[in-house]
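Colleague: Structure file work_32.txt, compact mmCIF, N, CA and C atoms, is pasted below:
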```
# COMPACT_ATOMS: atom_id res chain seq x y z
N MET A 28 -5.49 8.85 -30.19
CA MET A 28 -6.82 9.25 -29.74
C MET A 28 -7.21 8.39 -28.54
N SER A 29 -7.74 9.02 -27.51
CA SER A 29 -8.10 8.28 -26.30
C SER A 29 -9.32 7.39 -26.55
N GLU A 30 -9.48 6.42 -25.68
CA GLU A 30 -10.57 5.47 -25.80
C GLU A 30 -11.93 6.16 -25.72
N LEU A 31 -12.07 7.08 -24.78
CA LEU A 31 -13.32 7.80 -24.60
C LEU A 31 -13.63 8.68 -25.81
N SER A 32 -12.61 9.30 -26.34
CA SER A 32 -12.77 10.15 -27.52
C SER A 32 -13.25 9.32 -28.71
N GLN A 33 -12.71 8.12 -28.87
CA GLN A 33 -13.14 7.23 -29.96
C GLN A 33 -14.59 6.81 -29.76
N GLN A 34 -14.96 6.51 -28.52
CA GLN A 34 -16.34 6.11 -28.24
C GLN A 34 -17.31 7.23 -28.57
N ILE A 35 -16.94 8.46 -28.21
CA ILE A 35 -17.80 9.61 -28.50
C ILE A 35 -17.99 9.75 -30.01
N THR A 36 -16.90 9.60 -30.78
CA THR A 36 -16.99 9.69 -32.24
C THR A 36 -17.88 8.59 -32.80
N GLU A 37 -17.72 7.36 -32.31
CA GLU A 37 -18.55 6.25 -32.78
C GLU A 37 -20.02 6.47 -32.44
N ASP A 38 -20.28 6.98 -31.24
CA ASP A 38 -21.66 7.26 -30.84
C ASP A 38 -22.28 8.34 -31.71
N MET A 39 -21.47 9.30 -32.13
CA MET A 39 -21.97 10.36 -33.00
C MET A 39 -22.38 9.76 -34.36
N LYS A 40 -21.55 8.87 -34.88
CA LYS A 40 -21.88 8.22 -36.16
C LYS A 40 -23.17 7.41 -36.03
N THR A 41 -23.31 6.71 -34.92
CA THR A 41 -24.51 5.91 -34.68
C THR A 41 -25.74 6.81 -34.60
N ALA A 42 -25.62 7.93 -33.89
CA ALA A 42 -26.74 8.87 -33.78
C ALA A 42 -27.13 9.42 -35.15
N MET A 43 -26.12 9.65 -36.00
CA MET A 43 -26.41 10.13 -37.37
C MET A 43 -27.20 9.08 -38.13
N ARG A 44 -26.74 7.82 -38.07
CA ARG A 44 -27.41 6.73 -38.79
C ARG A 44 -28.84 6.55 -38.31
N GLU A 45 -29.05 6.67 -36.99
CA GLU A 45 -30.37 6.46 -36.40
C GLU A 45 -31.24 7.71 -36.47
N LYS A 46 -30.67 8.80 -36.97
CA LYS A 46 -31.37 10.09 -37.05
C LYS A 46 -31.89 10.53 -35.68
N ASN A 47 -31.08 10.29 -34.65
CA ASN A 47 -31.39 10.68 -33.27
C ASN A 47 -30.84 12.09 -33.06
N THR A 48 -31.66 13.10 -33.33
CA THR A 48 -31.16 14.49 -33.30
C THR A 48 -30.74 14.93 -31.90
N LEU A 49 -31.43 14.49 -30.87
CA LEU A 49 -31.06 14.87 -29.51
C LEU A 49 -29.65 14.38 -29.18
N ALA A 50 -29.41 13.09 -29.38
CA ALA A 50 -28.08 12.53 -29.09
C ALA A 50 -27.03 13.16 -29.99
N LEU A 51 -27.35 13.33 -31.25
CA LEU A 51 -26.39 13.90 -32.20
C LEU A 51 -25.98 15.31 -31.80
N ASN A 52 -26.95 16.14 -31.50
CA ASN A 52 -26.64 17.52 -31.11
C ASN A 52 -25.86 17.57 -29.80
N THR A 53 -26.23 16.72 -28.85
CA THR A 53 -25.53 16.69 -27.56
C THR A 53 -24.09 16.23 -27.75
N ILE A 54 -23.89 15.19 -28.54
CA ILE A 54 -22.54 14.67 -28.77
C ILE A 54 -21.70 15.67 -29.55
N ARG A 55 -22.29 16.34 -30.51
CA ARG A 55 -21.55 17.39 -31.24
C ARG A 55 -21.10 18.50 -30.30
N MET A 56 -22.00 18.90 -29.42
CA MET A 56 -21.66 19.94 -28.44
C MET A 56 -20.52 19.45 -27.54
N LEU A 57 -20.59 18.19 -27.13
CA LEU A 57 -19.55 17.62 -26.27
C LEU A 57 -18.21 17.57 -27.00
N ARG A 58 -18.22 17.15 -28.24
CA ARG A 58 -16.96 17.10 -29.02
C ARG A 58 -16.37 18.49 -29.15
N SER A 59 -17.22 19.47 -29.35
CA SER A 59 -16.75 20.86 -29.45
C SER A 59 -16.13 21.31 -28.13
N ALA A 60 -16.76 20.99 -27.02
CA ALA A 60 -16.24 21.37 -25.70
C ALA A 60 -14.90 20.68 -25.44
N VAL A 61 -14.78 19.41 -25.84
CA VAL A 61 -13.53 18.67 -25.66
C VAL A 61 -12.43 19.29 -26.53
N LYS A 62 -12.78 19.63 -27.77
CA LYS A 62 -11.78 20.23 -28.67
C LYS A 62 -11.33 21.60 -28.13
N ASN A 63 -12.27 22.38 -27.63
CA ASN A 63 -11.91 23.69 -27.06
C ASN A 63 -10.99 23.53 -25.85
N ALA A 64 -11.28 22.54 -25.01
CA ALA A 64 -10.43 22.30 -23.84
C ALA A 64 -9.03 21.85 -24.28
N ALA A 65 -8.96 21.05 -25.34
CA ALA A 65 -7.67 20.60 -25.85
C ALA A 65 -6.86 21.76 -26.41
N ILE A 66 -7.54 22.67 -27.11
CA ILE A 66 -6.87 23.85 -27.67
C ILE A 66 -6.35 24.72 -26.53
N GLU A 67 -7.14 24.90 -25.50
CA GLU A 67 -6.70 25.68 -24.33
C GLU A 67 -5.48 25.03 -23.69
N LYS A 68 -5.48 23.71 -23.67
CA LYS A 68 -4.40 22.98 -23.01
C LYS A 68 -3.08 23.10 -23.78
N GLY A 69 -3.14 22.90 -25.10
CA GLY A 69 -1.87 22.85 -25.80
C GLY A 69 -1.90 23.19 -27.27
N GLY A 70 -2.84 23.95 -27.72
CA GLY A 70 -2.86 24.35 -29.12
C GLY A 70 -3.76 23.47 -29.96
N ALA A 71 -3.76 23.74 -31.26
CA ALA A 71 -4.71 23.12 -32.18
C ALA A 71 -4.54 21.61 -32.31
N ASP A 72 -3.33 21.10 -32.15
CA ASP A 72 -3.10 19.67 -32.34
C ASP A 72 -3.17 18.86 -31.06
N ALA A 73 -3.43 19.50 -29.94
CA ALA A 73 -3.44 18.82 -28.64
C ALA A 73 -4.66 17.90 -28.52
N GLU A 74 -4.47 16.82 -27.75
CA GLU A 74 -5.57 15.90 -27.45
C GLU A 74 -5.64 15.72 -25.95
N LEU A 75 -6.82 15.44 -25.46
CA LEU A 75 -7.01 15.24 -24.02
C LEU A 75 -6.98 13.75 -23.68
N SER A 76 -6.54 13.45 -22.47
CA SER A 76 -6.58 12.08 -21.97
C SER A 76 -8.01 11.79 -21.48
N ASP A 77 -8.29 10.52 -21.22
CA ASP A 77 -9.63 10.16 -20.74
C ASP A 77 -10.03 10.90 -19.47
N PRO A 78 -9.15 11.01 -18.44
CA PRO A 78 -9.56 11.76 -17.25
C PRO A 78 -9.86 13.24 -17.54
N GLU A 79 -9.14 13.82 -18.47
CA GLU A 79 -9.41 15.22 -18.83
C GLU A 79 -10.74 15.35 -19.57
N ILE A 80 -11.06 14.37 -20.40
CA ILE A 80 -12.35 14.38 -21.11
C ILE A 80 -13.48 14.21 -20.10
N VAL A 81 -13.29 13.34 -19.10
CA VAL A 81 -14.30 13.15 -18.06
C VAL A 81 -14.54 14.47 -17.33
N ALA A 82 -13.48 15.23 -17.08
CA ALA A 82 -13.63 16.53 -16.42
C ALA A 82 -14.48 17.47 -17.27
N VAL A 83 -14.27 17.46 -18.59
CA VAL A 83 -15.06 18.30 -19.50
C VAL A 83 -16.52 17.85 -19.47
N ILE A 84 -16.75 16.55 -19.48
CA ILE A 84 -18.12 16.03 -19.44
C ILE A 84 -18.80 16.45 -18.14
N ARG A 85 -18.08 16.36 -17.01
CA ARG A 85 -18.65 16.78 -15.72
C ARG A 85 -19.04 18.25 -15.75
N LYS A 86 -18.19 19.07 -16.39
CA LYS A 86 -18.47 20.49 -16.48
C LYS A 86 -19.75 20.73 -17.29
N GLU A 87 -19.92 19.97 -18.37
CA GLU A 87 -21.12 20.10 -19.20
C GLU A 87 -22.36 19.63 -18.45
N VAL A 88 -22.23 18.56 -17.66
CA VAL A 88 -23.35 18.07 -16.86
C VAL A 88 -23.75 19.14 -15.84
N LYS A 89 -22.74 19.75 -15.23
CA LYS A 89 -22.99 20.81 -14.24
C LYS A 89 -23.75 21.97 -14.89
N LYS A 90 -23.37 22.33 -16.11
CA LYS A 90 -24.09 23.39 -16.83
C LYS A 90 -25.56 23.02 -16.99
N ARG A 91 -25.82 21.75 -17.33
CA ARG A 91 -27.20 21.30 -17.51
C ARG A 91 -27.96 21.38 -16.18
N GLN A 92 -27.31 20.99 -15.09
CA GLN A 92 -27.97 21.04 -13.78
C GLN A 92 -28.33 22.48 -13.42
N ASP A 93 -27.42 23.41 -13.68
CA ASP A 93 -27.70 24.82 -13.40
C ASP A 93 -28.86 25.33 -14.26
N SER A 94 -28.87 24.93 -15.54
CA SER A 94 -29.95 25.36 -16.43
C SER A 94 -31.29 24.79 -15.97
N ILE A 95 -31.29 23.54 -15.53
CA ILE A 95 -32.53 22.91 -15.07
C ILE A 95 -33.09 23.69 -13.88
N GLU A 96 -32.22 24.08 -12.95
CA GLU A 96 -32.68 24.86 -11.80
C GLU A 96 -33.33 26.17 -12.25
N GLN A 97 -32.66 26.86 -13.17
CA GLN A 97 -33.18 28.14 -13.64
C GLN A 97 -34.48 27.98 -14.41
N TYR A 98 -34.55 26.96 -15.28
CA TYR A 98 -35.77 26.75 -16.05
C TYR A 98 -36.93 26.33 -15.16
N THR A 99 -36.64 25.55 -14.13
CA THR A 99 -37.68 25.13 -13.19
C THR A 99 -38.25 26.34 -12.48
N THR A 100 -37.37 27.23 -12.03
CA THR A 100 -37.79 28.46 -11.36
C THR A 100 -38.65 29.31 -12.28
N ALA A 101 -38.29 29.34 -13.57
CA ALA A 101 -39.01 30.16 -14.54
C ALA A 101 -40.27 29.46 -15.07
N GLY A 102 -40.48 28.19 -14.68
CA GLY A 102 -41.67 27.48 -15.13
C GLY A 102 -41.61 27.06 -16.58
N ARG A 103 -40.41 26.76 -17.08
CA ARG A 103 -40.23 26.35 -18.49
C ARG A 103 -40.01 24.84 -18.57
N GLY A 104 -41.06 24.09 -18.42
CA GLY A 104 -41.01 22.64 -18.38
C GLY A 104 -40.40 22.00 -19.61
N GLU A 105 -40.71 22.55 -20.79
CA GLU A 105 -40.18 21.95 -22.03
C GLU A 105 -38.66 22.07 -22.09
N LEU A 106 -38.13 23.18 -21.58
CA LEU A 106 -36.68 23.36 -21.57
C LEU A 106 -36.02 22.48 -20.51
N VAL A 107 -36.71 22.26 -19.40
CA VAL A 107 -36.20 21.36 -18.35
C VAL A 107 -36.07 19.96 -18.94
N ALA A 108 -37.09 19.51 -19.68
CA ALA A 108 -37.07 18.18 -20.28
C ALA A 108 -35.91 18.05 -21.27
N GLN A 109 -35.66 19.09 -22.06
CA GLN A 109 -34.56 19.09 -23.03
C GLN A 109 -33.22 18.95 -22.31
N GLU A 110 -33.02 19.74 -21.27
CA GLU A 110 -31.75 19.70 -20.52
C GLU A 110 -31.56 18.35 -19.84
N GLU A 111 -32.64 17.78 -19.30
CA GLU A 111 -32.55 16.47 -18.64
C GLU A 111 -32.18 15.39 -19.65
N ALA A 112 -32.74 15.48 -20.85
CA ALA A 112 -32.41 14.50 -21.89
C ALA A 112 -30.94 14.61 -22.30
N GLU A 113 -30.45 15.84 -22.45
CA GLU A 113 -29.04 16.04 -22.79
C GLU A 113 -28.15 15.52 -21.66
N MET A 114 -28.56 15.77 -20.43
CA MET A 114 -27.77 15.32 -19.28
C MET A 114 -27.70 13.79 -19.24
N ALA A 115 -28.78 13.12 -19.62
CA ALA A 115 -28.78 11.66 -19.66
C ALA A 115 -27.78 11.14 -20.68
N VAL A 116 -27.70 11.79 -21.83
CA VAL A 116 -26.72 11.40 -22.86
C VAL A 116 -25.30 11.58 -22.31
N LEU A 117 -25.05 12.72 -21.69
CA LEU A 117 -23.71 13.01 -21.15
C LEU A 117 -23.33 12.04 -20.02
N ASN A 118 -24.29 11.72 -19.16
CA ASN A 118 -24.02 10.81 -18.05
C ASN A 118 -23.61 9.43 -18.52
N GLY A 119 -23.99 9.07 -19.75
CA GLY A 119 -23.59 7.79 -20.32
C GLY A 119 -22.09 7.66 -20.51
N TYR A 120 -21.37 8.77 -20.54
CA TYR A 120 -19.92 8.74 -20.73
C TYR A 120 -19.14 8.82 -19.43
N LEU A 121 -19.84 9.08 -18.34
CA LEU A 121 -19.16 9.21 -17.06
C LEU A 121 -18.97 7.84 -16.41
N PRO A 122 -17.88 7.67 -15.66
CA PRO A 122 -17.70 6.40 -14.96
C PRO A 122 -18.77 6.23 -13.88
N GLU A 123 -18.98 5.01 -13.47
CA GLU A 123 -19.98 4.70 -12.44
C GLU A 123 -19.68 5.50 -11.18
N PRO A 124 -20.65 6.29 -10.69
CA PRO A 124 -20.38 7.09 -9.48
C PRO A 124 -20.19 6.20 -8.25
N LEU A 125 -19.42 6.71 -7.31
CA LEU A 125 -19.17 5.97 -6.07
C LEU A 125 -20.36 6.09 -5.12
N SER A 126 -20.56 5.05 -4.32
CA SER A 126 -21.63 5.09 -3.33
C SER A 126 -21.18 5.97 -2.16
N GLU A 127 -22.15 6.40 -1.36
CA GLU A 127 -21.83 7.24 -0.20
C GLU A 127 -20.91 6.50 0.77
N GLU A 128 -21.13 5.18 0.92
CA GLU A 128 -20.29 4.38 1.82
C GLU A 128 -18.85 4.37 1.32
N LYS A 129 -18.67 4.17 0.04
CA LYS A 129 -17.32 4.12 -0.53
C LYS A 129 -16.63 5.48 -0.41
N ILE A 130 -17.38 6.55 -0.63
CA ILE A 130 -16.82 7.90 -0.47
C ILE A 130 -16.37 8.10 0.97
N ALA A 131 -17.20 7.66 1.91
CA ALA A 131 -16.86 7.80 3.33
C ALA A 131 -15.59 7.02 3.67
N GLU A 132 -15.45 5.81 3.10
CA GLU A 132 -14.23 5.01 3.31
C GLU A 132 -13.00 5.74 2.79
N ILE A 133 -13.10 6.28 1.58
CA ILE A 133 -11.98 6.99 0.97
C ILE A 133 -11.60 8.21 1.80
N ILE A 134 -12.60 8.95 2.26
CA ILE A 134 -12.34 10.14 3.08
C ILE A 134 -11.67 9.75 4.40
N ASP A 135 -12.18 8.70 5.06
CA ASP A 135 -11.57 8.24 6.31
C ASP A 135 -10.11 7.85 6.10
N ALA A 136 -9.84 7.14 5.01
CA ALA A 136 -8.46 6.72 4.71
C ALA A 136 -7.57 7.93 4.45
N ALA A 137 -8.09 8.91 3.72
CA ALA A 137 -7.32 10.12 3.41
C ALA A 137 -7.03 10.92 4.68
N ILE A 138 -8.01 11.04 5.57
CA ILE A 138 -7.82 11.77 6.83
C ILE A 138 -6.74 11.07 7.66
N ALA A 139 -6.80 9.74 7.70
CA ALA A 139 -5.80 8.98 8.47
C ALA A 139 -4.41 9.14 7.85
N GLU A 140 -4.35 9.09 6.51
CA GLU A 140 -3.07 9.20 5.81
C GLU A 140 -2.42 10.57 6.04
N VAL A 141 -3.23 11.62 5.99
CA VAL A 141 -2.72 12.98 6.18
C VAL A 141 -2.50 13.28 7.67
N GLY A 142 -3.28 12.61 8.50
CA GLY A 142 -3.22 12.88 9.94
C GLY A 142 -3.98 14.15 10.29
N ALA A 143 -5.02 14.42 9.53
CA ALA A 143 -5.80 15.65 9.72
C ALA A 143 -6.65 15.56 10.98
N THR A 144 -6.71 16.69 11.68
CA THR A 144 -7.53 16.75 12.89
C THR A 144 -8.51 17.92 12.86
N SER A 145 -8.31 18.87 11.94
CA SER A 145 -9.21 20.03 11.88
C SER A 145 -9.38 20.46 10.43
N ARG A 146 -10.22 21.49 10.24
CA ARG A 146 -10.48 22.00 8.88
C ARG A 146 -9.25 22.64 8.25
N LYS A 147 -8.23 22.94 9.06
CA LYS A 147 -7.02 23.54 8.51
C LYS A 147 -6.35 22.61 7.49
N GLU A 148 -6.50 21.32 7.69
CA GLU A 148 -5.88 20.33 6.79
C GLU A 148 -6.83 19.90 5.66
N MET A 149 -7.95 20.59 5.51
CA MET A 149 -8.95 20.18 4.51
C MET A 149 -8.38 20.15 3.10
N GLY A 150 -7.53 21.11 2.76
CA GLY A 150 -6.94 21.16 1.42
C GLY A 150 -6.14 19.91 1.10
N GLN A 151 -5.34 19.46 2.06
CA GLN A 151 -4.53 18.26 1.86
C GLN A 151 -5.42 17.03 1.70
N VAL A 152 -6.44 16.95 2.55
CA VAL A 152 -7.36 15.81 2.50
C VAL A 152 -8.11 15.81 1.17
N MET A 153 -8.61 16.96 0.75
CA MET A 153 -9.36 17.06 -0.51
C MET A 153 -8.51 16.64 -1.70
N LYS A 154 -7.26 17.06 -1.71
CA LYS A 154 -6.37 16.70 -2.82
C LYS A 154 -6.25 15.18 -2.93
N LEU A 155 -6.04 14.54 -1.81
CA LEU A 155 -5.89 13.09 -1.77
C LEU A 155 -7.19 12.39 -2.16
N VAL A 156 -8.30 12.89 -1.63
CA VAL A 156 -9.62 12.29 -1.92
C VAL A 156 -9.94 12.41 -3.41
N GLN A 157 -9.67 13.56 -4.00
CA GLN A 157 -9.96 13.75 -5.42
C GLN A 157 -9.10 12.84 -6.29
N GLU A 158 -7.85 12.61 -5.88
CA GLU A 158 -7.00 11.67 -6.63
C GLU A 158 -7.57 10.26 -6.56
N LYS A 159 -8.03 9.87 -5.39
CA LYS A 159 -8.53 8.50 -5.20
C LYS A 159 -9.89 8.27 -5.84
N THR A 160 -10.72 9.31 -5.92
CA THR A 160 -12.04 9.13 -6.52
C THR A 160 -11.98 9.23 -8.04
N ALA A 161 -10.95 9.85 -8.56
CA ALA A 161 -10.70 9.92 -10.01
C ALA A 161 -11.94 10.30 -10.82
N GLY A 162 -12.63 11.35 -10.41
CA GLY A 162 -13.76 11.85 -11.18
C GLY A 162 -15.04 11.05 -11.03
N ARG A 163 -15.10 10.12 -10.08
CA ARG A 163 -16.31 9.32 -9.92
C ARG A 163 -17.22 9.89 -8.84
N ALA A 164 -16.90 11.10 -8.36
CA ALA A 164 -17.76 11.77 -7.38
C ALA A 164 -17.67 13.28 -7.61
N ASP A 165 -18.75 13.96 -7.35
CA ASP A 165 -18.83 15.40 -7.53
C ASP A 165 -17.98 16.11 -6.46
N GLY A 166 -17.24 17.13 -6.87
CA GLY A 166 -16.37 17.86 -5.95
C GLY A 166 -17.12 18.49 -4.79
N LYS A 167 -18.31 19.02 -5.07
CA LYS A 167 -19.11 19.64 -4.01
C LYS A 167 -19.50 18.61 -2.96
N THR A 168 -19.91 17.44 -3.40
CA THR A 168 -20.28 16.36 -2.49
C THR A 168 -19.09 15.96 -1.63
N LEU A 169 -17.92 15.84 -2.28
CA LEU A 169 -16.71 15.45 -1.56
C LEU A 169 -16.35 16.48 -0.50
N SER A 170 -16.36 17.76 -0.88
CA SER A 170 -15.95 18.79 0.08
C SER A 170 -16.91 18.85 1.26
N GLN A 171 -18.21 18.68 1.02
CA GLN A 171 -19.18 18.67 2.13
C GLN A 171 -18.93 17.49 3.06
N ALA A 172 -18.63 16.33 2.48
CA ALA A 172 -18.38 15.14 3.30
C ALA A 172 -17.10 15.29 4.12
N VAL A 173 -16.04 15.85 3.49
CA VAL A 173 -14.78 16.05 4.20
C VAL A 173 -14.99 17.05 5.33
N MET A 174 -15.71 18.14 5.04
CA MET A 174 -15.97 19.16 6.06
C MET A 174 -16.74 18.57 7.25
N ALA A 175 -17.71 17.72 6.95
CA ALA A 175 -18.49 17.09 8.01
C ALA A 175 -17.61 16.20 8.88
N LYS A 176 -16.68 15.48 8.25
CA LYS A 176 -15.80 14.57 9.01
C LYS A 176 -14.79 15.35 9.86
N LEU A 177 -14.31 16.48 9.32
CA LEU A 177 -13.29 17.25 10.03
C LEU A 177 -13.91 18.19 11.08
N GLY A 178 -15.21 18.37 11.01
CA GLY A 178 -15.91 19.19 12.00
C GLY A 178 -15.61 20.60 11.83
```
What would the structure in this file look like if it were written as structure tokens?
Modeller:
Amino acid sequence: MSELSQQITEDMKTAMREKNTLALNTIRMLRSAVKNAAIEKGGADAELSDPEIVAVIRKEVKKRQDSIEQYTTAGRGELVAQEEAEMAVLNGYLPEPLSEEKIAEIIDAAIAEVGATSRKEMGQVMKLVQEKTAGRADGKTLSQAVMAKLG
């Protein structure tokens, strides 16, 4: 069992003991999403590595962000608060995000390494940047930054 998976299980037990229904429900949902991703990957007995679990957590955070946008548009403040609280629980499992300066450094290094001069090489640069950031930055943010650098 991966380190992150063990932490999620321990946090679920803690939430049960503390009768923290918000954290408990969010963690249960997360464990279910991780288990579903593992089943998709390799069957009922498969387990995910920490980077794969982080990818699942990011996907769940993204779902919350999309829901918050929709609920805000619909004027459903109580549902926005619920989604924000769940997102805060999920963000606790994500690695520390990179600063904009650090992202810019990584992108510059990747562009130099690939020798990219135009947007045609964006795919190669993005692949390298995503490997180096290892899930500590949002893909949309990365692609916008790379596009801006490549002009």
Colleague: Which residues are near A:Ile80? Cut-off 8 Å, only N, CA and C atoms, ignore same chain within fewer than 4 positions. Put them as a PDB file with N, CA and C atoms, in the frame of the given file.
Modeller:
```pdb
ATOM      1  N   LEU A  31     -12.070   7.080 -24.780  1.00  0.00           N
ATOM      2  CA  LEU A  31     -13.320   7.800 -24.600  1.00  0.00           C
ATOM      3  C   LEU A  31     -13.630   8.680 -25.810  1.00  0.00           C
ATOM      4  N   SER A  32     -12.610   9.300 -26.340  1.00  0.00           N
ATOM      5  CA  SER A  32     -12.770  10.150 -27.520  1.00  0.00           C
ATOM      6  C   SER A  32     -13.250   9.320 -28.710  1.00  0.00           C
ATOM      7  N   VAL A  61     -14.780  19.410 -25.840  1.00  0.00           N
ATOM      8  CA  VAL A  61     -13.530  18.670 -25.660  1.00  0.00           C
ATOM      9  C   VAL A  61     -12.430  19.290 -26.530  1.00  0.00           C
ATOM     10  N   GLU A  74      -4.470  16.820 -27.750  1.00  0.00           N
ATOM     11  CA  GLU A  74      -5.570  15.900 -27.450  1.00  0.00           C
ATOM     12  C   GLU A  74      -5.640  15.720 -25.950  1.00  0.00           C
ATOM     13  N   LEU A  75      -6.820  15.440 -25.460  1.00  0.00           N
ATOM     14  CA  LEU A  75      -7.010  15.240 -24.020  1.00  0.00           C
ATOM     15  C   LEU A  75      -6.980  13.750 -23.680  1.00  0.00           C
ATOM     16  N   SER A  76      -6.540  13.450 -22.470  1.00  0.00           N
ATOM     17  CA  SER A  76      -6.580  12.080 -21.970  1.00  0.00           C
ATOM     18  C   SER A  76      -8.010  11.790 -21.480  1.00  0.00           C
ATOM     19  N   ILE A  84     -16.750  16.550 -19.480  1.00  0.00           N
ATOM     20  CA  ILE A  84     -18.120  16.030 -19.440  1.00  0.00           C
ATOM     21  C   ILE A  84     -18.800  16.450 -18.140  1.00  0.00           C
ATOM     22  N   ARG A  85     -18.080  16.360 -17.010  1.00  0.00           N
ATOM     23  CA  ARG A  85     -18.650  16.780 -15.720  1.00  0.00           C
ATOM     24  C   ARG A  85     -19.040  18.250 -15.750  1.00  0.00           C
ATOM     25  N   LYS A  86     -18.190  19.070 -16.390  1.00  0.00           N
ATOM     26  CA  LYS A  86     -18.470  20.490 -16.480  1.00  0.00           C
ATOM     27  C   LYS A  86     -19.750  20.730 -17.290  1.00  0.00           C
ATOM     28  N   TYR A 120     -21.370   8.770 -20.540  1.00  0.00           N
ATOM     29  CA  TYR A 120     -19.920   8.740 -20.730  1.00  0.00           C
ATOM     30  C   TYR A 120     -19.140   8.820 -19.430  1.00  0.00           C
TER      31      TYR A 120
END
```
Colleague: Determine, counting only N, CA and C atoms, which protein, DNA and RNA residues have an atom within 8 Å of an atom of A:Pro122; residues of the same chain fewer than 5 positions away are not included. Present the result as a short mmCIF file (atom, residue, chain, number, x, y, z; two decimals) with N, CA and C atoms, keeping the file's coordinate frame.
Modeller:
```cif
data_model
loop_
_atom_site.label_atom_id
_atom_site.label_comp_id
_atom_site.auth_asym_id
_atom_site.auth_seq_id
_atom_site.Cartn_x
_atom_site.Cartn_y
_atom_site.Cartn_z
N VAL A 81 -13.29 13.34 -19.10
CA VAL A 81 -14.30 13.15 -18.06
C VAL A 81 -14.54 14.47 -17.33
N GLY A 162 -12.63 11.35 -10.41
CA GLY A 162 -13.76 11.85 -11.18
C GLY A 162 -15.04 11.05 -11.03
N ARG A 163 -15.10 10.12 -10.08
CA ARG A 163 -16.31 9.32 -9.92
C ARG A 163 -17.22 9.89 -8.84
N ALA A 164 -16.90 11.10 -8.36
CA ALA A 164 -17.76 11.77 -7.38
C ALA A 164 -17.67 13.28 -7.61
#
```
Colleague: A:Glu110: which residues within 8 Å, counting only N, CA and C atoms, same-chain residues fewer than 3 positions away excluded, as a VMD selection string?
Modeller: chain A and resid 90 to 92 94 to 95 104 to 107 113 to 116
Colleague: Hey, can you check how far atom C of A:Val88 sits from atom C of A:Thr36?
Modeller: 20.8 Å
Colleague: Residues of stretch 92-171 of chain A in alpha helix (DSSP H) according to DSSP, as an NGL selection string?
Modeller: :A and (92-101 or 104-118 or 127-141 or 149-160 or 166-171)
Colleague: Report, in Å to a single decimal, how far apart atom CA of A:Val156 and atom CA of A:Ala137 are.
Modeller: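 Computed distance, atom CA of A:Ala137 to atom CA of A:Val156, equals 6.2 Å.
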Colleague: Mind giving me the straight-line distance from atom CA of A:Ala60 to atom CA of A:Val83 in Å, one decimal?
Modeller: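 These atoms are spaced 7.0 Å apart.
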Colleague: As a list of chain:residue names, please: the residues near A:Val173 (cut-off 8 Å, all atoms listed in the file, same-chain neighbours under 2 positions excluded).
Modeller: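 The residues satisfying every condition are A:Ile134, A:Asp135, A:Arg146, A:Met149, A:Val152, A:Met153, A:Lys167, A:Thr168, A:Leu169, A:Ser170, A:Gln171, A:Ala175, A:Lys176, A:Leu177, A:Gly178.
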Colleague: Using all atoms listed in the file, which of the listed residues (A:Ala71, A:Leu125, A:Met43, A:Ile35) sits closest to A:Arg58?
Modeller: A:Ile35
